[in-house]
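**Q** I am sharing target-v9.txt, which consists of compact mmCIF, C-alpha atoms:
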# COMPACT_ATOMS: atom_id res chain seq x y z
CA MET X 19 111.74 132.40 90.43
CA SER X 20 108.36 134.12 90.29
CA GLY X 21 106.54 135.20 93.40
CA GLY X 22 103.35 133.38 92.43
CA THR X 23 101.89 130.35 94.14
CA LYS X 24 103.89 127.23 93.42
CA ARG X 25 101.91 124.71 91.40
CA LEU X 26 101.92 121.25 92.92
CA PRO X 27 102.10 118.12 90.77
CA ARG X 28 98.66 116.57 90.24
CA ALA X 29 99.52 113.41 92.15
CA VAL X 30 100.70 115.40 95.17
CA ARG X 31 97.58 117.56 95.17
CA GLU X 32 95.37 114.47 94.93
CA GLN X 33 97.09 112.94 97.96
CA GLN X 34 96.60 116.16 99.91
CA MET X 35 92.90 116.10 99.06
CA LEU X 36 92.63 112.48 100.17
CA ASP X 37 94.52 113.24 103.39
CA ALA X 38 92.07 116.03 104.15
CA ALA X 39 89.08 113.89 103.24
CA VAL X 40 90.18 110.99 105.46
CA LYS X 41 90.61 113.37 108.38
CA VAL X 42 87.18 114.97 107.97
CA PHE X 43 85.36 111.70 107.24
CA SER X 44 86.96 110.08 110.30
CA GLN X 45 85.79 112.95 112.50
CA ASN X 46 82.29 113.53 111.13
CA GLY X 47 81.23 110.35 109.36
CA PHE X 48 80.04 110.15 105.77
CA ARG X 49 76.63 111.81 105.98
CA GLU X 50 77.73 114.76 108.11
CA THR X 51 80.80 115.53 105.99
CA SER X 52 80.47 118.21 103.32
CA MET X 53 82.67 118.89 100.34
CA ASP X 54 83.00 122.44 101.69
CA ALA X 55 84.59 121.09 104.88
CA ILE X 56 87.00 118.89 102.94
CA ALA X 57 87.98 121.72 100.62
CA ALA X 58 88.61 123.96 103.63
CA GLU X 59 90.74 121.28 105.31
CA ALA X 60 92.73 120.78 102.10
CA GLN X 61 93.04 124.57 101.69
CA ILE X 62 91.68 124.51 98.16
CA SER X 63 88.53 125.79 96.50
CA LYS X 64 85.46 123.59 96.29
CA PRO X 65 85.41 123.83 92.46
CA MET X 66 88.95 122.44 92.38
CA LEU X 67 87.93 119.58 94.67
CA TYR X 68 85.05 118.77 92.32
CA LEU X 69 87.44 118.98 89.37
CA TYR X 70 89.44 116.08 90.83
CA TYR X 71 86.55 114.18 92.43
CA GLY X 72 83.15 114.69 90.88
CA SER X 73 81.10 113.83 93.98
CA LYS X 74 81.38 113.03 97.67
CA ASP X 75 80.75 109.36 96.86
CA GLU X 76 83.63 109.34 94.38
CA LEU X 77 85.95 111.02 96.87
CA PHE X 78 84.98 108.61 99.65
CA SER X 79 85.55 105.64 97.33
CA ALA X 80 89.03 106.97 96.55
CA CYS X 81 89.74 107.29 100.28
CA ILE X 82 88.66 103.70 100.94
CA ALA X 83 90.70 102.38 98.00
CA ARG X 84 93.86 104.15 99.16
CA GLU X 85 93.54 103.31 102.85
CA SER X 86 92.62 99.66 102.29
CA GLY X 87 95.61 99.36 99.95
CA LEU X 88 97.91 100.74 102.64
CA PHE X 89 96.43 98.31 105.14
CA ILE X 90 96.94 95.29 102.86
CA ASP X 91 100.52 96.39 102.18
CA ALA X 92 101.21 96.65 105.93
CA MET X 93 99.77 93.19 106.53
CA SER X 94 101.79 91.65 103.70
CA VAL X 95 105.01 92.37 105.59
CA GLY X 96 104.39 89.39 107.85
CA PHE X 97 104.30 86.78 105.12
CA ASP X 98 107.94 85.75 104.89
CA PRO X 99 108.55 82.04 104.17
CA SER X 100 111.88 82.21 106.00
CA LEU X 101 110.13 82.94 109.31
CA SER X 102 108.80 80.31 111.67
CA GLN X 103 105.04 80.16 112.13
CA ARG X 104 105.28 81.89 115.51
CA GLU X 105 107.49 84.64 114.08
CA GLN X 106 105.02 85.09 111.24
CA ALA X 107 102.12 85.32 113.68
CA VAL X 108 103.94 87.90 115.80
CA THR X 109 104.86 89.96 112.74
CA VAL X 110 101.37 89.92 111.27
CA ILE X 111 99.72 90.96 114.53
CA ARG X 112 102.32 93.61 115.21
CA GLU X 113 101.88 95.11 111.73
CA PHE X 114 98.08 94.96 112.02
CA LEU X 115 98.02 96.86 115.32
CA ARG X 116 100.87 99.17 114.36
CA PHE X 117 98.96 100.22 111.25
CA VAL X 118 95.93 101.06 113.40
CA HIS X 119 98.08 102.90 115.94
CA GLU X 120 99.83 104.99 113.29
CA HIS X 121 96.80 105.45 111.00
CA ARG X 122 93.90 105.88 113.39
CA GLN X 123 91.94 108.05 111.00
CA SER X 124 92.35 105.44 108.26
CA TRP X 125 91.02 102.73 110.56
CA ARG X 126 88.01 104.82 111.57
CA VAL X 127 87.18 105.53 107.93
CA LEU X 128 87.55 101.88 106.91
CA TYR X 129 85.98 100.06 109.83
CA ARG X 130 83.57 102.55 111.30
CA VAL X 131 82.47 105.00 108.65
CA ALA X 132 82.62 102.83 105.51
CA ILE X 133 81.34 99.62 107.06
CA GLY X 134 78.24 101.46 108.26
CA THR X 135 77.58 103.33 105.02
CA ALA X 136 75.36 101.69 102.43
CA GLY X 137 77.16 101.16 99.16
CA PHE X 138 80.65 101.08 100.67
CA ALA X 139 80.53 98.22 103.18
CA GLY X 140 81.25 95.71 100.43
CA ILE X 141 84.60 97.31 99.62
CA VAL X 142 85.71 96.99 103.24
CA SER X 143 84.45 93.40 103.37
CA GLU X 144 86.65 92.57 100.38
CA SER X 145 89.69 94.04 102.16
CA ARG X 146 88.87 92.05 105.31
CA GLN X 147 88.47 88.88 103.23
CA ARG X 148 91.91 89.36 101.70
CA VAL X 149 93.48 89.74 105.14
CA THR X 150 91.60 86.69 106.41
CA GLU X 151 92.84 84.62 103.46
CA MET X 152 96.40 85.74 104.14
CA VAL X 153 96.15 84.70 107.79
CA ALA X 154 94.56 81.37 106.84
CA GLN X 155 97.51 80.66 104.53
CA LEU X 156 99.93 81.49 107.35
CA ILE X 157 98.17 78.98 109.63
CA LYS X 158 98.06 76.33 106.93
CA ALA X 159 101.75 76.74 106.14
CA GLY X 160 102.72 75.95 109.73
CA THR X 161 100.30 73.07 110.33
CA THR X 162 101.36 69.47 109.76
CA VAL X 163 98.33 67.58 111.11
CA GLU X 164 96.65 65.48 108.45
CA GLY X 165 93.20 65.93 109.96
CA ALA X 166 93.25 69.74 109.74
CA SER X 167 91.04 70.99 106.91
CA ASP X 168 90.70 74.24 105.00
CA ILE X 169 87.64 75.14 107.05
CA ASP X 170 89.74 74.79 110.23
CA PHE X 171 92.26 77.26 108.83
CA GLU X 172 89.57 79.62 107.56
CA LEU X 173 87.56 79.75 110.80
CA THR X 174 90.68 80.21 112.90
CA ALA X 175 91.73 83.09 110.64
CA VAL X 176 88.28 84.67 110.93
CA ALA X 177 88.53 84.47 114.74
CA ILE X 178 92.02 85.99 114.75
CA VAL X 179 91.09 88.85 112.42
CA GLY X 180 87.92 89.52 114.42
CA ALA X 181 89.88 89.67 117.69
CA ALA X 182 92.47 91.96 116.11
CA GLU X 183 89.74 94.30 114.86
CA ALA X 184 88.19 94.48 118.34
CA VAL X 185 91.55 95.30 119.91
CA ALA X 186 92.25 97.79 117.12
CA ASP X 187 89.09 99.71 118.01
CA ARG X 188 90.38 100.14 121.55
CA ILE X 189 93.73 101.36 120.22
CA THR X 190 92.04 104.07 118.14
CA GLU X 191 90.48 105.39 121.34
CA GLY X 192 93.92 105.67 122.93
CA ASP X 193 93.01 103.61 126.00
CA VAL X 194 95.14 100.53 125.18
CA ASP X 195 98.94 100.41 125.03
CA LEU X 196 100.16 99.18 121.65
CA GLU X 197 102.87 96.86 123.01
CA LYS X 198 100.62 95.39 125.67
CA ALA X 199 97.83 94.82 123.16
CA THR X 200 100.27 93.17 120.74
CA ASN X 201 101.65 90.80 123.40
CA LEU X 202 98.17 89.87 124.61
CA LEU X 203 96.85 89.18 121.13
CA VAL X 204 99.97 87.21 120.17
CA GLY X 205 99.47 85.01 123.24
CA ILE X 206 95.84 84.32 122.40
CA THR X 207 96.59 83.81 118.72
CA TRP X 208 99.50 81.46 119.31
CA ARG X 209 97.43 79.23 121.57
CA GLY X 210 94.81 79.12 118.82
CA LEU X 211 97.39 78.28 116.16
CA LYS X 212 98.81 75.49 118.27
CA GLY X 213 95.32 74.16 118.74
CA VAL X 214 94.87 73.84 115.00
CA GLY X 215 98.25 72.14 114.73
CA THR X 216 97.71 69.37 117.28
CA ASP X 217 96.02 66.00 117.20
CA SER X 218 94.28 66.41 120.54
Could you render the structure as structure tokens?
**A**
Amino acid sequence: MSGGTKRLPRAVREQQMLDAAVKVFSQNGFRETSMDAIAAEAQISKPMLYLYYGSKDELFSACIARESGLFIDAMSVGFDPSLSQREQAVTVIREFLRFVHEHRQSWRVLYRVAIGTAGFAGIVSESRQRVTEMVAQLIKAGTTVEGASDIDFELTAVAIVGAAEAVADRITEGDVDLEKATNLLVGITWRGLKGVGTDS
């Protein structure tokens, strides 16, 4: 074996660059982040960073695409037809908040940096819409009332996702316990779901 630097596979190096970029973007925001800072964090040269990602916009787009994909995958865990509606609700909320707890930098990039950066907010909105649609389908699947309409399911899902996002922001600051936040949000959500599924 030679004593030279070990060459990493392209895919591995790309992930390392994205990891570094997410960290720096989450700390500094989009405008204040430089490619120099990302290259330094990734421990690579700036020319190599530009070789993989031709601009800061392109790199940031790649970060959003990866992190939103991870978020959607985490949320998809809760959609199991063998679970009761309450079990589904608990699972979805737990996975939502667990993702935020374990990927705080991802959440900051998606819902603080990207949403406030012109040209990227639309990508985050699409991710949020997908999650909202998933939650609406969960509610609809467990509701048997004839009078409940698609708009009832949609608006309830919007309210649930909005509440989860607000709680998630507190989790990223480290001032809310994950288990306590999950239990509280499940309680609120379940009352809302039961409201949609009743005649009164």
**Q** What separation in Å, quoted to one decimal, exists between atom CA of Gln106 of chain X and atom CA of Thr174 of chain X?
**A**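 These two atoms are separated by 15.2 Å.
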**Q** Using only C-alpha atoms, what residues lie at most 9 Å away from (98.1, 97.9, 117.0) (file coordinates), given as a VMD selection string?
**A** chain X and resid 111 to 120 182 185 to 186 189 to 190 195 to 197 199 to 200
**Q** Mind giving me the straight-line distance from atom CA of Leu101 of chain X to atom CA of Leu173 of chain X in Å, one decimal?
**A**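 Here the two named atoms are 22.8 Å from each other.
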**Q** Measure the distance from atom CA of Leu128 of chain X to atom CA of Asn201 of chain X in Å and round it to one decimal.
**A** 24.4 Å
**Q** Which residues come within 12 Å of Ala139 of chain X, counting all atoms listed in the file, excluding same-chain residues fewer than 3 positions away, as a list in words?
**A**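 Using all atoms listed in the file, the neighbours found are Phe78, Ser79, Ile82, Val127, Leu128, Tyr129, Arg130, Val131, Ala132, Ile133, Gly134, Thr135, Ala136, Val142, Ser143, Glu144, Ser145 and Arg146 of chain X.
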**Q** Given the choices X:Ala166, X:Gly180, X:Phe138, X:Trp125, which gets closest to Ala80 of chain X if the distance is worked out from all atoms listed in the file?
**A**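 Under the stated criterion, the closest residue is X:Phe138.
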**Q** Find the residues around Lys74 of chain X up to 9 Å (all atoms listed in the file counted), leave out those fewer than 6 positions away in its own chain, and share them as JSON, numbers by chain.
**A** {"X": [48, 51, 52, 53, 68]}
